[in-house]
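This is start.cif (mmCIF, C-alpha atoms and all ligand atoms).
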data_start
#
loop_
_atom_site.label_atom_id
_atom_site.label_comp_id
_atom_site.auth_asym_id
_atom_site.auth_seq_id
_atom_site.Cartn_x
_atom_site.Cartn_y
_atom_site.Cartn_z
CA MET A 1 145.57 66.27 66.31
CA PRO A 2 148.18 67.19 68.93
CA PRO A 3 148.02 70.77 70.24
CA CYS A 4 151.59 71.45 69.04
CA PHE A 5 150.33 70.88 65.48
CA TYR A 6 147.81 73.74 65.83
CA LYS A 7 150.48 75.89 67.44
CA ARG A 8 152.68 75.32 64.42
CA ILE A 9 149.89 76.21 62.00
CA ILE A 10 149.12 79.39 63.95
CA SER A 11 152.75 80.45 64.08
CA THR A 12 153.14 79.75 60.35
CA LEU A 13 150.07 81.88 59.67
CA ILE A 14 151.48 84.70 61.82
CA VAL A 15 154.80 84.52 59.97
CA LEU A 16 152.91 84.62 56.67
CA LEU A 17 150.73 87.55 57.74
CA PHE A 18 153.61 89.65 59.04
CA GLY A 19 155.86 88.50 56.26
CA LEU A 20 153.39 89.37 53.53
CA SER A 21 152.59 92.77 54.96
CA SER A 22 156.29 93.65 55.01
CA TYR A 23 157.39 92.11 51.73
CA SER A 24 155.81 91.74 48.34
CA PHE A 25 156.24 88.62 46.24
CA ALA A 26 159.83 89.36 45.25
CA GLN A 27 162.27 86.46 45.02
CA VAL A 28 164.75 87.49 47.70
CA LYS A 29 163.57 88.92 51.00
CA LEU A 30 166.20 90.71 53.01
CA ALA A 31 165.90 92.20 56.47
CA THR A 32 168.24 94.87 57.76
CA SER A 33 168.59 96.95 60.88
CA ILE A 34 168.52 100.60 59.77
CA PRO A 35 167.00 102.64 56.89
CA PRO A 36 170.34 103.64 55.24
CA PHE A 37 171.33 99.95 55.02
CA LYS A 38 167.97 99.29 53.38
CA ALA A 39 168.65 102.09 50.89
CA ILE A 40 172.12 100.68 50.07
CA LEU A 41 170.91 97.08 49.74
CA GLN A 42 167.95 98.09 47.60
CA HIS A 43 170.35 99.60 45.03
CA VAL A 44 172.20 96.30 44.60
CA VAL A 45 169.22 93.94 44.97
CA GLY A 46 167.06 96.00 42.59
CA GLU A 47 164.17 94.12 41.03
CA ARG A 48 165.51 90.84 42.37
CA GLY A 49 164.06 91.31 45.84
CA ASP A 50 162.68 93.36 48.71
CA VAL A 51 164.48 94.86 51.66
CA TYR A 52 162.86 95.58 54.99
CA ALA A 53 164.37 97.89 57.66
CA ILE A 54 163.58 97.02 61.27
CA LEU A 55 164.42 100.30 63.03
CA PRO A 56 161.51 102.77 62.97
CA PRO A 57 162.30 106.39 62.00
CA GLY A 58 163.39 108.52 64.95
CA ALA A 59 164.73 105.59 67.01
CA SER A 60 168.41 105.11 67.86
CA PRO A 61 169.97 101.85 66.65
CA HIS A 62 172.23 101.91 69.73
CA THR A 63 169.38 101.65 72.23
CA PHE A 64 166.54 100.04 70.23
CA GLU A 65 164.82 96.98 71.64
CA ALA A 66 163.39 94.46 69.19
CA LYS A 67 159.62 93.79 69.26
CA PRO A 68 158.00 90.32 68.84
CA LYS A 69 156.85 91.19 65.29
CA ASN A 70 160.48 91.92 64.34
CA PHE A 71 161.46 88.32 65.18
CA LEU A 72 158.80 87.02 62.78
CA GLN A 73 159.85 89.44 60.04
CA VAL A 74 163.49 88.39 60.36
CA GLU A 75 162.61 84.68 60.39
CA ALA A 76 160.76 85.16 57.10
CA ALA A 77 163.80 86.84 55.49
CA THR A 78 166.43 85.08 53.37
CA ALA A 79 169.23 87.05 55.03
CA LEU A 80 169.74 89.65 57.71
CA PHE A 81 172.23 92.51 57.25
CA TYR A 82 173.47 94.61 60.16
CA GLY A 83 176.35 96.92 61.12
CA SER A 84 178.35 95.77 64.12
CA GLU A 85 178.09 95.18 67.84
CA HIS A 86 178.83 98.90 68.34
CA LEU A 87 175.78 99.89 66.31
CA ASP A 88 172.90 97.42 66.28
CA LYS A 89 173.81 94.64 68.70
CA TRP A 90 170.14 93.66 69.12
CA VAL A 91 170.28 92.10 65.65
CA LEU A 92 172.31 89.28 67.20
CA THR A 93 169.22 88.16 69.16
CA PHE A 94 167.44 87.30 65.87
CA LYS A 95 167.58 83.83 64.37
CA ASN A 96 168.64 83.81 60.73
CA ASP A 97 171.04 81.46 58.93
CA ASN A 98 172.51 84.32 56.88
CA ARG A 99 173.44 87.06 59.36
CA ILE A 100 175.89 89.39 57.63
CA SER A 101 177.80 92.35 59.12
CA LEU A 102 178.15 95.17 56.57
CA LEU A 103 180.99 96.72 58.56
CA GLN A 104 182.95 93.47 58.08
CA LEU A 105 182.66 94.00 54.31
CA LEU A 106 184.49 97.33 54.61
CA PRO A 107 188.17 96.71 53.78
CA ALA A 108 190.39 97.13 56.85
CA LYS A 109 192.24 100.10 55.31
CA ASP A 110 188.96 102.04 55.04
CA ARG A 111 187.80 101.46 58.62
CA LEU A 112 188.02 104.35 61.06
CA GLU A 113 188.78 103.96 64.71
CA LEU A 114 186.57 105.53 67.36
CA ARG A 115 188.80 107.49 69.72
CA GLY A 116 188.14 109.17 73.03
CA PHE A 117 188.48 112.95 72.99
CA TYR A 118 188.54 113.76 76.69
CA GLY A 119 189.09 112.49 80.23
CA LYS A 120 190.72 109.13 80.77
CA ASN A 121 189.69 107.96 77.28
CA LYS A 122 191.50 110.80 75.51
CA GLY A 123 193.27 109.36 72.44
CA ARG A 124 192.35 105.81 73.39
CA PRO A 125 191.04 103.55 70.60
CA LEU A 126 187.53 102.38 71.43
CA GLY A 127 186.81 100.05 68.50
CA VAL A 128 185.90 100.49 64.84
CA ASP A 129 183.42 103.29 64.15
CA PRO A 130 180.37 101.55 62.62
CA HIS A 131 178.84 104.66 60.90
CA PHE A 132 180.61 103.99 57.56
CA TRP A 133 177.49 104.66 55.44
CA THR A 134 177.82 108.44 55.84
CA SER A 135 180.68 108.32 53.29
CA PRO A 136 179.73 107.42 49.68
CA ARG A 137 183.35 106.35 49.15
CA ALA A 138 183.15 103.88 52.06
CA VAL A 139 179.85 102.52 50.72
CA LYS A 140 181.49 102.00 47.33
CA SER A 141 184.25 99.99 48.96
CA ILE A 142 181.81 97.48 50.52
CA LEU A 143 180.23 96.71 47.11
CA PRO A 144 182.58 93.83 46.03
CA GLY A 145 182.04 92.08 49.40
CA LEU A 146 178.31 92.75 49.34
CA MET A 147 177.99 91.33 45.84
CA LYS A 148 179.79 88.16 46.93
CA GLU A 149 177.42 87.71 49.88
CA LEU A 150 174.32 88.24 47.74
CA ILE A 151 175.53 85.80 45.08
CA ALA A 152 176.21 83.19 47.79
CA ILE A 153 172.63 83.60 49.07
CA ASP A 154 171.03 83.74 45.62
CA PRO A 155 173.39 82.39 42.89
CA ALA A 156 170.71 82.77 40.19
CA GLY A 157 170.75 86.53 40.73
CA LYS A 158 174.48 86.91 39.94
CA GLU A 159 174.03 88.93 36.75
CA VAL A 160 171.49 91.28 38.31
CA TYR A 161 173.71 91.94 41.35
CA GLU A 162 176.79 92.55 39.20
CA LYS A 163 174.92 94.95 36.91
CA ASN A 164 173.30 96.81 39.82
CA ALA A 165 176.53 97.05 41.87
CA LYS A 166 178.33 98.51 38.84
CA ALA A 167 175.59 101.10 38.33
CA PHE A 168 175.52 101.94 42.05
CA ALA A 169 179.31 102.46 42.06
CA VAL A 170 178.86 105.07 39.30
CA THR A 171 176.05 106.73 41.31
CA LEU A 172 178.29 106.81 44.39
CA ASP A 173 181.17 108.38 42.46
CA SER A 174 178.91 111.09 41.15
CA LEU A 175 177.41 111.62 44.63
CA SER A 176 180.95 112.00 46.07
CA ALA A 177 181.74 114.54 43.34
CA THR A 178 178.53 116.51 43.99
CA VAL A 179 179.15 116.64 47.74
CA ALA A 180 182.84 117.57 47.22
CA GLU A 181 181.67 120.48 45.05
CA MET A 182 179.21 121.59 47.74
CA MET A 183 181.90 121.38 50.42
CA ALA A 184 184.39 123.34 48.31
CA LYS A 185 182.21 126.41 48.88
CA VAL A 186 182.19 126.27 52.69
CA ASN A 187 184.71 127.18 55.33
CA ARG A 188 186.09 123.78 56.33
CA ALA A 189 186.83 124.88 59.88
CA PRO A 190 187.20 122.27 62.65
CA VAL A 191 183.92 120.77 63.85
CA MET A 192 182.66 118.71 66.77
CA MET A 193 179.95 116.06 66.91
CA SER A 194 177.64 115.16 69.78
CA HIS A 195 177.55 111.52 68.54
CA PRO A 196 180.22 110.05 66.21
CA SER A 197 177.83 109.45 63.31
CA PHE A 198 179.58 111.53 60.60
CA GLN A 199 183.24 110.70 61.10
CA TYR A 200 183.43 108.85 57.74
CA PHE A 201 181.73 111.74 55.92
CA LEU A 202 184.05 114.30 57.53
CA LYS A 203 187.10 112.22 56.61
CA GLU A 204 186.04 111.82 52.96
CA PHE A 205 185.39 115.54 52.52
CA GLY A 206 188.47 116.81 54.34
CA PHE A 207 187.16 118.18 57.64
CA HIS A 208 189.06 118.18 60.91
CA LEU A 209 187.10 116.56 63.73
CA ALA A 210 188.09 118.35 66.93
CA GLY A 211 185.99 116.25 69.28
CA VAL A 212 183.10 113.87 69.87
CA ILE A 213 181.03 114.63 72.95
CA GLU A 214 179.34 111.26 73.40
CA VAL A 215 181.99 108.76 72.40
CA LEU A 216 180.12 105.68 73.57
CA PRO A 217 176.34 105.67 73.08
CA GLY A 218 174.41 106.59 76.17
CA THR A 219 177.42 108.08 77.95
CA GLU A 220 177.48 111.77 78.78
CA PRO A 221 180.58 113.71 79.79
CA THR A 222 180.92 114.89 83.38
CA ALA A 223 180.92 118.64 84.16
CA ARG A 224 184.72 118.51 84.26
CA GLU A 225 184.88 116.79 80.88
CA VAL A 226 182.48 119.35 79.39
CA LYS A 227 184.94 122.02 80.59
CA GLU A 228 187.75 120.14 78.82
CA LEU A 229 185.66 120.02 75.62
CA ILE A 230 184.95 123.76 75.87
CA GLU A 231 188.69 124.46 76.15
CA THR A 232 189.38 122.25 73.10
CA ALA A 233 186.59 123.93 71.14
CA LYS A 234 188.07 127.37 71.87
CA LYS A 235 191.66 126.31 71.20
CA GLU A 236 190.79 124.65 67.89
CA SER A 237 188.39 127.42 66.78
CA VAL A 238 185.51 124.99 66.34
CA ARG A 239 182.80 126.53 64.13
CA VAL A 240 179.90 124.12 64.61
CA ILE A 241 178.76 121.13 66.66
CA PHE A 242 176.74 118.52 64.77
CA SER A 243 174.04 116.68 66.68
CA ASP A 244 171.41 114.22 65.52
CA PRO A 245 167.75 113.73 66.39
CA GLN A 246 168.31 110.21 67.73
CA HIS A 247 170.61 111.22 70.61
CA SER A 248 170.72 113.71 73.48
CA SER A 249 172.18 117.07 72.57
CA ARG A 250 172.22 118.35 76.18
CA PRO A 251 176.04 118.43 76.59
CA ALA A 252 176.30 120.09 73.15
CA GLU A 253 173.82 122.76 74.35
CA LEU A 254 176.03 123.38 77.40
CA ILE A 255 179.05 123.92 75.14
CA ARG A 256 177.05 126.25 72.90
CA GLU A 257 175.84 128.26 75.89
CA SER A 258 179.36 128.89 77.09
CA THR A 259 181.10 129.38 73.71
CA GLY A 260 178.41 130.58 71.29
CA ILE A 261 179.40 127.82 68.85
CA LYS A 262 176.56 126.97 66.49
CA LEU A 263 174.63 123.69 66.80
CA CYS A 264 173.44 121.96 63.64
CA GLN A 265 171.22 118.89 63.61
CA LEU A 266 172.09 116.23 61.03
CA ASP A 267 170.22 113.00 60.33
CA PRO A 268 172.42 109.95 59.70
CA LEU A 269 169.49 107.51 59.62
CA GLY A 270 166.80 109.01 57.38
CA GLY A 271 163.86 106.68 56.69
CA THR A 272 161.46 109.62 56.54
CA GLU A 273 159.98 111.46 53.56
CA GLY A 274 162.66 113.10 51.44
CA ARG A 275 165.34 111.03 53.23
CA MET A 276 164.50 107.56 51.98
CA SER A 277 167.04 106.83 49.24
CA TYR A 278 170.77 106.72 49.93
CA GLU A 279 171.37 109.80 47.77
CA GLU A 280 168.62 111.72 49.58
CA ILE A 281 170.10 110.93 53.00
CA ILE A 282 173.59 112.10 51.97
CA LEU A 283 172.43 115.22 50.11
CA TYR A 284 170.08 116.25 52.96
CA ASN A 285 173.01 116.20 55.39
CA ALA A 286 175.46 117.81 52.95
CA GLN A 287 173.01 120.71 52.52
CA LYS A 288 172.67 121.09 56.32
CA ILE A 289 176.48 121.19 56.64
CA VAL A 290 176.70 123.85 53.90
CA GLU A 291 174.10 125.98 55.71
CA ALA A 292 175.92 125.61 59.04
CA LEU A 293 179.36 126.53 57.66
CA GLN A 294 178.53 129.24 55.14
ZN ZN B 301 175.33 106.00 66.05
#
Would you put the structure from the file into structure tokens?
Ligand SMILES: [Zn+2]
Amino acid sequence: MPPCFYKRIISTLIVLLFGLSSYSFAQVKLATSIPPFKAILQHVVGERGDVYAILPPGASPHTFEAKPKNFLQVEAATALFYGSEHLDKWVLTFKNDNRISLLQLLPAKDRLELRGFYGKNKGRPLGVDPHFWTSPRAVKSILPGLMKELIAIDPAGKEVYEKNAKAFAVTLDSLSATVAEMMAKVNRAPVMMSHPSFQYFLKEFGFHLAGVIEVLPGTEPTAREVKELIETAKKESVRVIFSDPQHSSRPAELIRESTGIKLCQLDPLGGTEGRMSYEEIILYNAQKIVEALQ
């Protein structure tokens, strides 16, 4: 037998091994980039299938580099869901016939622009902010589009997807109401973020975002720009700066040192114990925000 035949058998076996360890025998196998997308998809897919998240907990989707096993996992999946080129660009290196951007499913009127807050980028639009999942309202508004995509991939699952999406919409409404109640008790003073991960959350719950320190991932402000941010923070009476464990909080520390403004670490990505389901991720962060602003 030709050597390429053996190669094919071996690669099929590898796909099977990796595939089976990541998925059970569910009918639809979906791969996605980050844990909150997994949590959202799992609500709609329900018993119809399994969802696998590629990004390990603690990693940043902006700087992650895919491993060989990830390619095999994605090849074994029916579809691959991701955010956008501003979030998880590495997904575009995977081969999959059904590669679907969740940000594209967000109606244009609900998309938020990323804007520069200092230096030459001040006020300049820098593209659509991909972190929509931090707002339950924004997640609700992707559901009709998501349902359509899932039905196109798996027409036999139509009824299940429709039933699950309807139930998830109710869950999201009640989550929005719970968080709104929590936020009604805090001082909704202006806030800053070290990375723009919670812009959608802040918009839904009526906060004023006075600045984002790291507007583009991996970029840090210069000393002069930090000075500009400090002036803004003082002028706008910023109460707290939100950072996250996946990105550097060094410039935020500098601002805290010179202004005394509190730092509070949020976690937009979850994927760890107690932060696995969509509701857990949102409520964990809402509680942190309450503690920081009380
Ligand atoms: Zn991010």
Proximity to ligand ZN 301 (chain B) - best of A:Ala66, A:Val238, A:Leu216, A:Val44, all atoms listed in the file: A:Leu216
Close residues, stretch 92-109 of chain A itself excluded, 10 Å, all atoms listed in the file, min 3 positions apart in chain, as a PyMOL selection string: chain A and resi 30-32+37+66+70-85+87-89+112+128-133+138-146+148-149+152-153
Pick from A:Tyr52, A:Glu65, A:Tyr118, A:Ser60 nearest to A:Ala39, counting all atoms listed in the file: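 Of A:Tyr52, A:Glu65, A:Tyr118, A:Ser60, the one nearest A:Ala39 is A:Tyr52, counting all atoms listed in the file.
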Residue contacts of A:Ala252 (10 Å, all atoms listed in the file) excluding same-chain residues fewer than 6 positions away, as a ChimeraX atom specification: /A:192-195,212-214,226,229-230,241-243,261-263
Deliver the residues from the most recent selection as a file, using C-alpha atoms, as a PDB file, keeping the file's coordinate frame.
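After the write, out-v7.pdb holds the following:
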ATOM      1  CA  MET A 192     182.660 118.710  66.770  1.00  0.00           C
ATOM      2  CA  MET A 193     179.950 116.060  66.910  1.00  0.00           C
ATOM      3  CA  SER A 194     177.640 115.160  69.780  1.00  0.00           C
ATOM      4  CA  HIS A 195     177.550 111.520  68.540  1.00  0.00           C
ATOM      5  CA  VAL A 212     183.100 113.870  69.870  1.00  0.00           C
ATOM      6  CA  ILE A 213     181.030 114.630  72.950  1.00  0.00           C
ATOM      7  CA  GLU A 214     179.340 111.260  73.400  1.00  0.00           C
ATOM      8  CA  VAL A 226     182.480 119.350  79.390  1.00  0.00           C
ATOM      9  CA  LEU A 229     185.660 120.020  75.620  1.00  0.00           C
ATOM     10  CA  ILE A 230     184.950 123.760  75.870  1.00  0.00           C
ATOM     11  CA  ILE A 241     178.760 121.130  66.660  1.00  0.00           C
ATOM     12  CA  PHE A 242     176.740 118.520  64.770  1.00  0.00           C
ATOM     13  CA  SER A 243     174.040 116.680  66.680  1.00  0.00           C
ATOM     14  CA  ILE A 261     179.400 127.820  68.850  1.00  0.00           C
ATOM     15  CA  LYS A 262     176.560 126.970  66.490  1.00  0.00           C
ATOM     16  CA  LEU A 263     174.630 123.690  66.800  1.00  0.00           C
TER      17      LEU A 263
END
Shortest interatomic distance to A:Arg275 - which of A:Val170, A:Lys227, A:Pro57, A:Ala165, counting all atoms listed in the file: A:Pro57
Coordinates-based distance that separates atom CA of A:Gln199 from atom CA of A:Thr134 (Å, one decimal): 7.9 Å
Expected residue set, 12 Å radius at (167.7, 118.5, 53.0), only C-alpha atoms, as a ChimeraX atom specification: /A:265-268,270,272-276,279-291
Residues near A:Val186, cut-off 10 Å, all atoms listed in the file, skip fewer than 2 positions along chain, as number ranges by chain: A: 181-184, 188-189, 289-294
For atom CA of A:Asn121 and atom CA of A:Glu220, the interatomic separation in Å (one decimal): 12.9 Å
Using all atoms listed in the file: which of A:Pro221, A:Pro68, A:Pro61, A:Pro245 has the shortest distance to ligand ZN 301 (chain B): A:Pro61
Quick one: axis-aligned box around all listed atoms of stretch 71-87 of chain A, 8 Å on every side, centre and edge lengths in Å to one decimal, written as JSON.
{"center_x": 168.8, "center_y": 92.3, "center_z": 60.9, "size_x": 36.0, "size_y": 31.2, "size_z": 31.0}
Could stretch 97-133 of chain A be completed with N, CA and C atoms and written as a PDB file, keeping the file's coordinate frame, please?
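Result went into result.pdb, see below:
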ATOM      1  N   ASP A  97     169.848  82.226  59.339  1.00  0.00           N
ATOM      2  CA  ASP A  97     171.040  81.460  58.930  1.00  0.00           C
ATOM      3  C   ASP A  97     172.058  82.345  58.217  1.00  0.00           C
ATOM      4  N   ASN A  98     171.595  83.426  57.609  1.00  0.00           N
ATOM      5  CA  ASN A  98     172.510  84.320  56.880  1.00  0.00           C
ATOM      6  C   ASN A  98     172.552  85.682  57.567  1.00  0.00           C
ATOM      7  N   ARG A  99     173.313  85.780  58.644  1.00  0.00           N
ATOM      8  CA  ARG A  99     173.440  87.060  59.360  1.00  0.00           C
ATOM      9  C   ARG A  99     174.755  87.689  58.933  1.00  0.00           C
ATOM     10  N   ILE A 100     174.679  88.827  58.248  1.00  0.00           N
ATOM     11  CA  ILE A 100     175.890  89.390  57.630  1.00  0.00           C
ATOM     12  C   ILE A 100     176.168  90.798  58.143  1.00  0.00           C
ATOM     13  N   SER A 101     177.396  91.014  58.640  1.00  0.00           N
ATOM     14  CA  SER A 101     177.800  92.350  59.120  1.00  0.00           C
ATOM     15  C   SER A 101     178.328  93.160  57.938  1.00  0.00           C
ATOM     16  N   LEU A 102     177.701  94.306  57.671  1.00  0.00           N
ATOM     17  CA  LEU A 102     178.150  95.170  56.570  1.00  0.00           C
ATOM     18  C   LEU A 102     179.488  95.818  56.896  1.00  0.00           C
ATOM     19  N   LEU A 103     179.711  96.103  58.177  1.00  0.00           N
ATOM     20  CA  LEU A 103     180.990  96.720  58.560  1.00  0.00           C
ATOM     21  C   LEU A 103     182.161  95.777  58.245  1.00  0.00           C
ATOM     22  N   GLN A 104     181.906  94.461  58.394  1.00  0.00           N
ATOM     23  CA  GLN A 104     182.950  93.470  58.080  1.00  0.00           C
ATOM     24  C   GLN A 104     183.316  93.468  56.596  1.00  0.00           C
ATOM     25  N   LEU A 105     182.396  93.967  55.756  1.00  0.00           N
ATOM     26  CA  LEU A 105     182.660  94.000  54.310  1.00  0.00           C
ATOM     27  C   LEU A 105     183.512  95.211  53.928  1.00  0.00           C
ATOM     28  N   LEU A 106     183.666  96.147  54.876  1.00  0.00           N
ATOM     29  CA  LEU A 106     184.490  97.330  54.610  1.00  0.00           C
ATOM     30  C   LEU A 106     185.959  96.928  54.752  1.00  0.00           C
ATOM     31  N   PRO A 107     186.767  97.107  53.676  1.00  0.00           N
ATOM     32  CA  PRO A 107     188.170  96.710  53.780  1.00  0.00           C
ATOM     33  C   PRO A 107     188.856  97.383  54.979  1.00  0.00           C
ATOM     34  N   ALA A 108     189.750  96.649  55.620  1.00  0.00           N
ATOM     35  CA  ALA A 108     190.390  97.130  56.850  1.00  0.00           C
ATOM     36  C   ALA A 108     190.999  98.520  56.685  1.00  0.00           C
ATOM     37  N   LYS A 109     191.576  98.803  55.506  1.00  0.00           N
ATOM     38  CA  LYS A 109     192.240 100.100  55.310  1.00  0.00           C
ATOM     39  C   LYS A 109     191.238 101.269  55.319  1.00  0.00           C
ATOM     40  N   ASP A 110     189.965 100.982  55.087  1.00  0.00           N
ATOM     41  CA  ASP A 110     188.960 102.040  55.040  1.00  0.00           C
ATOM     42  C   ASP A 110     188.209 102.217  56.363  1.00  0.00           C
ATOM     43  N   ARG A 111     188.506 101.359  57.329  1.00  0.00           N
ATOM     44  CA  ARG A 111     187.800 101.460  58.620  1.00  0.00           C
ATOM     45  C   ARG A 111     188.388 102.574  59.455  1.00  0.00           C
ATOM     46  N   LEU A 112     187.528 103.287  60.180  1.00  0.00           N
ATOM     47  CA  LEU A 112     188.020 104.350  61.060  1.00  0.00           C
ATOM     48  C   LEU A 112     187.830 103.934  62.510  1.00  0.00           C
ATOM     49  N   GLU A 113     188.810 104.280  63.289  1.00  0.00           N
ATOM     50  CA  GLU A 113     188.780 103.960  64.710  1.00  0.00           C
ATOM     51  C   GLU A 113     187.949 105.027  65.450  1.00  0.00           C
ATOM     52  N   LEU A 114     187.203 104.567  66.453  1.00  0.00           N
ATOM     53  CA  LEU A 114     186.570 105.530  67.360  1.00  0.00           C
ATOM     54  C   LEU A 114     187.595 105.839  68.439  1.00  0.00           C
ATOM     55  N   ARG A 115     187.828 107.141  68.692  1.00  0.00           N
ATOM     56  CA  ARG A 115     188.800 107.490  69.720  1.00  0.00           C
ATOM     57  C   ARG A 115     188.167 108.414  70.755  1.00  0.00           C
ATOM     58  N   GLY A 116     188.617 108.279  71.979  1.00  0.00           N
ATOM     59  CA  GLY A 116     188.140 109.170  73.030  1.00  0.00           C
ATOM     60  C   GLY A 116     188.734 110.553  72.838  1.00  0.00           C
ATOM     61  N   PHE A 117     187.982 111.582  73.177  1.00  0.00           N
ATOM     62  CA  PHE A 117     188.480 112.950  72.990  1.00  0.00           C
ATOM     63  C   PHE A 117     188.722 113.672  74.304  1.00  0.00           C
ATOM     64  N   TYR A 118     188.365 113.051  75.423  1.00  0.00           N
ATOM     65  CA  TYR A 118     188.540 113.760  76.690  1.00  0.00           C
ATOM     66  C   TYR A 118     188.668 112.755  77.832  1.00  0.00           C
ATOM     67  N   GLY A 119     189.013 113.311  79.023  1.00  0.00           N
ATOM     68  CA  GLY A 119     189.090 112.490  80.230  1.00  0.00           C
ATOM     69  C   GLY A 119     190.071 111.343  80.081  1.00  0.00           C
ATOM     70  N   LYS A 120     189.781 110.257  80.774  1.00  0.00           N
ATOM     71  CA  LYS A 120     190.720 109.130  80.770  1.00  0.00           C
ATOM     72  C   LYS A 120     190.745 108.393  79.429  1.00  0.00           C
ATOM     73  N   ASN A 121     189.727 108.610  78.597  1.00  0.00           N
ATOM     74  CA  ASN A 121     189.690 107.960  77.280  1.00  0.00           C
ATOM     75  C   ASN A 121     190.384 108.756  76.189  1.00  0.00           C
ATOM     76  N   LYS A 122     190.930 109.917  76.534  1.00  0.00           N
ATOM     77  CA  LYS A 122     191.500 110.800  75.510  1.00  0.00           C
ATOM     78  C   LYS A 122     192.566 110.058  74.673  1.00  0.00           C
ATOM     79  N   GLY A 123     192.317 110.007  73.355  1.00  0.00           N
ATOM     80  CA  GLY A 123     193.270 109.360  72.440  1.00  0.00           C
ATOM     81  C   GLY A 123     193.194 107.858  72.409  1.00  0.00           C
ATOM     82  N   ARG A 124     192.412 107.279  73.315  1.00  0.00           N
ATOM     83  CA  ARG A 124     192.350 105.810  73.390  1.00  0.00           C
ATOM     84  C   ARG A 124     191.469 105.229  72.302  1.00  0.00           C
ATOM     85  N   PRO A 125     191.924 104.171  71.595  1.00  0.00           N
ATOM     86  CA  PRO A 125     191.040 103.550  70.600  1.00  0.00           C
ATOM     87  C   PRO A 125     189.907 102.788  71.298  1.00  0.00           C
ATOM     88  N   LEU A 126     188.702 102.975  70.780  1.00  0.00           N
ATOM     89  CA  LEU A 126     187.530 102.380  71.430  1.00  0.00           C
ATOM     90  C   LEU A 126     186.780 101.419  70.496  1.00  0.00           C
ATOM     91  N   GLY A 127     187.466 100.976  69.451  1.00  0.00           N
ATOM     92  CA  GLY A 127     186.810 100.050  68.500  1.00  0.00           C
ATOM     93  C   GLY A 127     186.568 100.734  67.170  1.00  0.00           C
ATOM     94  N   VAL A 128     186.133  99.944  66.185  1.00  0.00           N
ATOM     95  CA  VAL A 128     185.900 100.490  64.840  1.00  0.00           C
ATOM     96  C   VAL A 128     184.576 101.261  64.827  1.00  0.00           C
ATOM     97  N   ASP A 129     184.623 102.459  64.282  1.00  0.00           N
ATOM     98  CA  ASP A 129     183.420 103.290  64.150  1.00  0.00           C
ATOM     99  C   ASP A 129     182.487 102.621  63.126  1.00  0.00           C
ATOM    100  N   PRO A 130     181.255 102.283  63.546  1.00  0.00           N
ATOM    101  CA  PRO A 130     180.370 101.550  62.620  1.00  0.00           C
ATOM    102  C   PRO A 130     179.620 102.428  61.621  1.00  0.00           C
ATOM    103  N   HIS A 131     179.700 103.778  61.724  1.00  0.00           N
ATOM    104  CA  HIS A 131     178.840 104.660  60.900  1.00  0.00           C
ATOM    105  C   HIS A 131     179.415 104.885  59.505  1.00  0.00           C
ATOM    106  N   PHE A 132     179.910 103.833  58.842  1.00  0.00           N
ATOM    107  CA  PHE A 132     180.610 103.990  57.560  1.00  0.00           C
ATOM    108  C   PHE A 132     179.717 104.541  56.437  1.00  0.00           C
ATOM    109  N   TRP A 133     178.380 104.316  56.563  1.00  0.00           N
ATOM    110  CA  TRP A 133     177.490 104.660  55.440  1.00  0.00           C
ATOM    111  C   TRP A 133     177.393 106.163  55.179  1.00  0.00           C
TER     112      TRP A 133
END
